[in-house]
Amino acid sequence: MTLLATTPSPFAPELGGRPAGVEDPGEVPAAGLDVAGLTGRIVPFPVAAGRYGKLRAVIAGVMWLELPRAGELGEAMLGADEEHPTRLVRYDLAQRKRSVEVAALDDYAVCADGSWLAYQTGGTLEIKPAGEPAEKAVGVDLDRIQVTVEPAAEWRQMYHETWRLMRDNFWRADMGGVDWAAAGDRYRPLLDRLGSADDLRDVLRELQGEMRTSHAGVLPPAAGGDPALAQGLLGADIEPTGDGAWRIARILPGESSVIGARSPLAAPGVAVAPGDLLVAVDGRPVDPDVGPNALLSGQADKPVELTVQRDGADRRVVVVPLASEHATRYYDLVARQRAAVREASGGRLGYLHILGTNPAGWAELHRDLYTEFGRDGLIVDMRESQGGDASHLVAEQLARRIIGCYVSRHEEPSSYPFEAPRGPIVAITDEYAMSGGDIVIQALKSYRIATVVGTRTWGGVIGCYFNVLVDGTLVTQPASALWLADVGWAVENHGADPDVEVAIAPHDWAADRDPQLDTAVRLALQALEQHPPAQPPTV
């Protein structure tokens, strides 16, 4: 929203004109710019290092958002809004003084001449003169705003914008030899036959697909579900017994260091065990045909009372079901695979799963980095690893080589450099390792620092721009292609090939066997025989 201070506000008559004490400058003369020696005349604002955004010019100064430093892991986000909200800070250039303009908000905008400011907090919108106290703010009644949308016209605009964004952002100016104007003309007649936004997205996918390039995607707006209806989950495998009862077959252990990976039935004081029967939820009997999930609908993150039975005796416990078991099951899978590697190698091999090359994946990597690098050899599992901008950091971390160590009288020897693998590395990959996952696998091969086991990766290494259309649909444009000295452009649309191809057949899945992991352990142990791990000196 842009509000011109010279035009009376349509929301409140008193919000017209310019703030008190600020004169109309009249016609502003054009300003010249002396570029000679410009970098030497840069003067920093006197602010501490932090997270800042949306720097804007206002009357007599500038404003910016001071964002909370919450990190990448979910635990750091807890309470961030209450304890460290986003603030709007104003710096007065004449007085060289900073002040808090708005103590808590979500976003803001300034008018064309910087004299008025509009800011949003939750579902409210307020407007006030820049530099004035919050008491001068006037709320905007958003319920009175009505917007009429003509879907067919909106879809046509979205189509043209998607076409233009690809034209302007594709990584090659010649569009890789594709006649992009002809591609736009080819699908345009379908706009007259669209019956829904889903139809439009199908057409956009066909249009984007003409580029035959990865990261050319179309995603609909996220579906908004009612939190009150969220399914509650117990972090356990529950199965029918065959005689009308439902038994707790297995309780996920959870990961105590990750709040989002807790296991409700493993919480302190619950004392439920595998083999117990789940007979009621909040006093309502479990249906022998449907099971307990129907009674847990809408109970996510809410205390519920479970009646469990052991040896014919009932007892009641209170638990808080999860809205998602994804994190709990992920950490359980990693723990089980790490235990399998430990057992198969006699404790000699470490195991790391890299879930992505984004900042969150980079942070998760360091959760177990120290302990796993301390083993003689290392299994790096890149299966299903997702994309991100930190692939070079992951490859660099794994490429470190120990050239010395620190020795202390009262501590165990530590490697130089720190956090470096002690011995051989074997990586595992599959067809679901994508984007940054592709790149890390190929980098390990190009650096010749790991043997790769598994199947060929997804094959998409042209990074993209993200843009959101008017209805919230996300469209991406391949904007940055990766070339590697040893394989050229070969990873795009092909993937990184393993050194040792091992597939997981359907009968392996059914029997809960992992031949890829088994092969990786065998090769790592063989490599240790030929290349012993780095050892500290004898003192």
# chains A, B, ... in the order shown; residues from 1 in each chain; ligands from 1
>>> closest_atom_pairs(of="segment 116-178 of chain A", to="segment 186-209 of chain A", cutoff="8 Å", atoms="only C-alpha atoms", output="JSON lines")
{"residue": "A:Ala152", "atom": "CA", "partner": "A:Leu194", "partner_atom": "CA", "distance": 7.7}
{"residue": "A:Trp155", "atom": "CA", "partner": "A:Leu200", "partner_atom": "CA", "distance": 6.7}
{"residue": "A:Arg156", "atom": "CA", "partner": "A:Leu191", "partner_atom": "CA", "distance": 6.5}
{"residue": "A:Tyr159", "atom": "CA", "partner": "A:Leu204", "partner_atom": "CA", "distance": 6.8}
{"residue": "A:Thr162", "atom": "CA", "partner": "A:Leu204", "partner_atom": "CA", "distance": 7.5}
{"residue": "A:Trp163", "atom": "CA", "partner": "A:Leu207", "partner_atom": "CA", "distance": 7.8}
{"residue": "A:Met166", "atom": "CA", "partner": "A:Gln208", "partner_atom": "CA", "distance": 8.0}
>>> residues_around(residues="segment 445-462 of chain A", least_positions_apart="4", cutoff="7 Å", atoms="only C-alpha atoms", output="VMD selection string")
chain A and resid 214 to 215 399 425 to 435 438 to 439 441 478 to 482 486 491 to 503 516 520
>>> select_by_dssp(residues="segment 15-162 of chain A", states="strand (DSSP E or B)", output="CSV table (one decimal) with N, CA and C atoms, in the first residue's frame")
chain,number,residue,atom,x,y,z
A,51,ARG,N,20.6,-8.7,12.7
A,51,ARG,CA,19.8,-9.1,11.5
A,51,ARG,C,18.8,-7.9,11.2
A,52,TYR,N,19.1,-7.2,10.1
A,52,TYR,CA,18.3,-6.1,9.7
A,52,TYR,C,17.7,-6.2,8.3
A,53,GLY,N,16.6,-5.6,8.1
A,53,GLY,CA,16.0,-5.7,6.7
A,53,GLY,C,15.1,-4.5,6.4
A,54,LYS,N,14.8,-4.3,5.1
A,54,LYS,CA,13.9,-3.3,4.6
A,54,LYS,C,14.3,-1.9,5.1
A,55,LEU,N,15.5,-1.5,4.7
A,55,LEU,CA,16.0,-0.1,5.0
A,55,LEU,C,15.2,0.8,4.0
A,56,ARG,N,14.6,1.9,4.6
A,56,ARG,CA,13.8,2.8,3.9
A,56,ARG,C,14.1,4.3,4.3
A,57,ALA,N,14.1,5.2,3.3
A,57,ALA,CA,14.3,6.6,3.6
A,57,ALA,C,13.0,7.2,4.1
A,58,VAL,N,13.0,8.0,5.2
A,58,VAL,CA,11.9,8.7,5.7
A,58,VAL,C,12.3,10.2,5.9
A,61,GLY,N,15.5,11.1,8.1
A,61,GLY,CA,16.3,9.9,8.5
A,61,GLY,C,16.0,8.7,7.7
A,62,VAL,N,16.2,7.5,8.3
A,62,VAL,CA,16.0,6.2,7.7
A,62,VAL,C,15.3,5.3,8.7
A,63,MET,N,14.7,4.3,8.2
A,63,MET,CA,14.1,3.2,9.1
A,63,MET,C,14.5,1.9,8.6
A,64,TRP,N,14.5,0.9,9.5
A,64,TRP,CA,14.7,-0.5,9.1
A,64,TRP,C,14.1,-1.4,10.1
A,65,LEU,N,13.9,-2.6,9.7
A,65,LEU,CA,13.4,-3.7,10.6
A,65,LEU,C,14.6,-4.3,11.3
A,66,GLU,N,14.4,-4.4,12.7
A,66,GLU,CA,15.4,-5.2,13.5
A,66,GLU,C,14.8,-6.5,13.8
A,67,LEU,N,15.4,-7.6,13.1
A,67,LEU,CA,14.8,-8.9,13.2
A,67,LEU,C,15.3,-9.7,14.3
A,87,ARG,N,11.3,-5.4,15.5
A,87,ARG,CA,11.1,-3.9,15.8
A,87,ARG,C,11.4,-3.1,14.6
A,88,LEU,N,10.7,-1.9,14.6
A,88,LEU,CA,11.0,-0.9,13.6
A,88,LEU,C,11.8,0.2,14.2
A,89,VAL,N,13.0,0.4,13.7
A,89,VAL,CA,14.0,1.3,14.2
A,89,VAL,C,14.1,2.5,13.3
A,90,ARG,N,14.2,3.7,13.9
A,90,ARG,CA,14.4,4.9,13.1
A,90,ARG,C,15.7,5.6,13.5
A,91,TYR,N,16.5,6.0,12.5
A,91,TYR,CA,17.7,6.7,12.8
A,91,TYR,C,17.6,8.1,12.2
A,92,ASP,N,17.7,9.1,13.1
A,92,ASP,CA,17.6,10.5,12.8
A,92,ASP,C,19.0,11.0,12.3
A,97,LYS,N,20.8,9.9,16.1
A,97,LYS,CA,20.2,9.2,17.2
A,97,LYS,C,19.3,8.2,16.7
A,98,ARG,N,19.3,7.0,17.3
A,98,ARG,CA,18.4,5.9,16.9
A,98,ARG,C,17.3,5.8,17.9
A,99,SER,N,16.1,5.4,17.5
A,99,SER,CA,15.0,5.2,18.4
A,99,SER,C,14.1,4.1,17.9
A,100,VAL,N,13.3,3.5,18.8
A,100,VAL,CA,12.4,2.5,18.3
A,100,VAL,C,11.1,3.2,17.9
A,101,GLU,N,10.8,3.0,16.6
A,101,GLU,CA,9.5,3.6,16.1
A,101,GLU,C,8.3,2.8,16.4
A,102,VAL,N,8.4,1.5,16.3
A,102,VAL,CA,7.3,0.6,16.6
A,102,VAL,C,7.9,-0.6,17.3
A,107,ASP,N,5.4,-6.1,9.4
A,107,ASP,CA,5.9,-5.5,8.2
A,107,ASP,C,5.5,-4.1,8.2
A,108,TYR,N,6.1,-3.3,7.3
A,108,TYR,CA,5.8,-1.9,7.2
A,108,TYR,C,6.1,-1.3,5.8
A,109,ALA,N,5.5,-0.2,5.5
A,109,ALA,CA,5.8,0.5,4.2
A,109,ALA,C,5.8,2.0,4.5
A,110,VAL,N,6.5,2.8,3.7
A,110,VAL,CA,6.4,4.2,3.8
A,110,VAL,C,5.9,4.8,2.5
A,116,TRP,N,4.9,9.5,5.8
A,116,TRP,CA,3.9,8.7,6.5
A,116,TRP,C,4.3,7.2,6.5
A,117,LEU,N,3.9,6.5,7.4
A,117,LEU,CA,4.3,5.1,7.5
A,117,LEU,C,3.1,4.2,7.9
A,118,ALA,N,2.9,3.1,7.2
A,118,ALA,CA,1.9,2.1,7.5
A,118,ALA,C,2.6,0.8,8.0
A,119,TYR,N,2.1,0.2,9.1
A,119,TYR,CA,2.7,-1.0,9.6
A,119,TYR,C,1.6,-2.0,10.0
A,120,GLN,N,2.0,-3.2,9.8
A,120,GLN,CA,1.1,-4.4,10.0
A,120,GLN,C,1.5,-5.2,11.2
A,121,THR,N,0.6,-5.5,12.1
A,121,THR,CA,0.9,-6.4,13.2
A,121,THR,C,-0.3,-7.4,13.3
A,124,THR,N,-3.9,-6.5,12.0
A,124,THR,CA,-4.2,-5.1,12.1
A,124,THR,C,-3.3,-4.3,11.2
A,125,LEU,N,-3.7,-3.1,10.8
A,125,LEU,CA,-2.9,-2.2,10.0
A,125,LEU,C,-3.1,-0.8,10.5
A,126,GLU,N,-2.0,-0.1,10.8
A,126,GLU,CA,-2.1,1.2,11.4
A,126,GLU,C,-1.2,2.2,10.6
A,127,ILE,N,-1.6,3.4,10.6
A,127,ILE,CA,-0.9,4.5,9.8
A,127,ILE,C,-0.6,5.7,10.8
A,128,LYS,N,0.6,6.2,10.6
A,128,LYS,CA,0.9,7.3,11.5
A,128,LYS,C,2.1,8.1,10.8
A,129,PRO,N,2.2,9.4,11.2
A,129,PRO,CA,3.3,10.2,10.6
A,129,PRO,C,4.7,9.6,11.1
A,138,VAL,N,-3.4,5.7,13.6
A,138,VAL,CA,-4.9,5.5,13.3
A,138,VAL,C,-5.0,4.1,12.7
A,139,GLY,N,-5.9,3.3,13.3
A,139,GLY,CA,-6.1,2.0,12.7
A,139,GLY,C,-7.0,2.0,11.4
>>> atom_distance(atom1="atom CA of Pro532 of chain A", atom2="atom CA of Val380 of chain A")
18.2 Å
>>> atom_distance(atom1="atom CA of Ala130 of chain A", atom2="atom CA of Phe45 of chain A")
19.1 Å
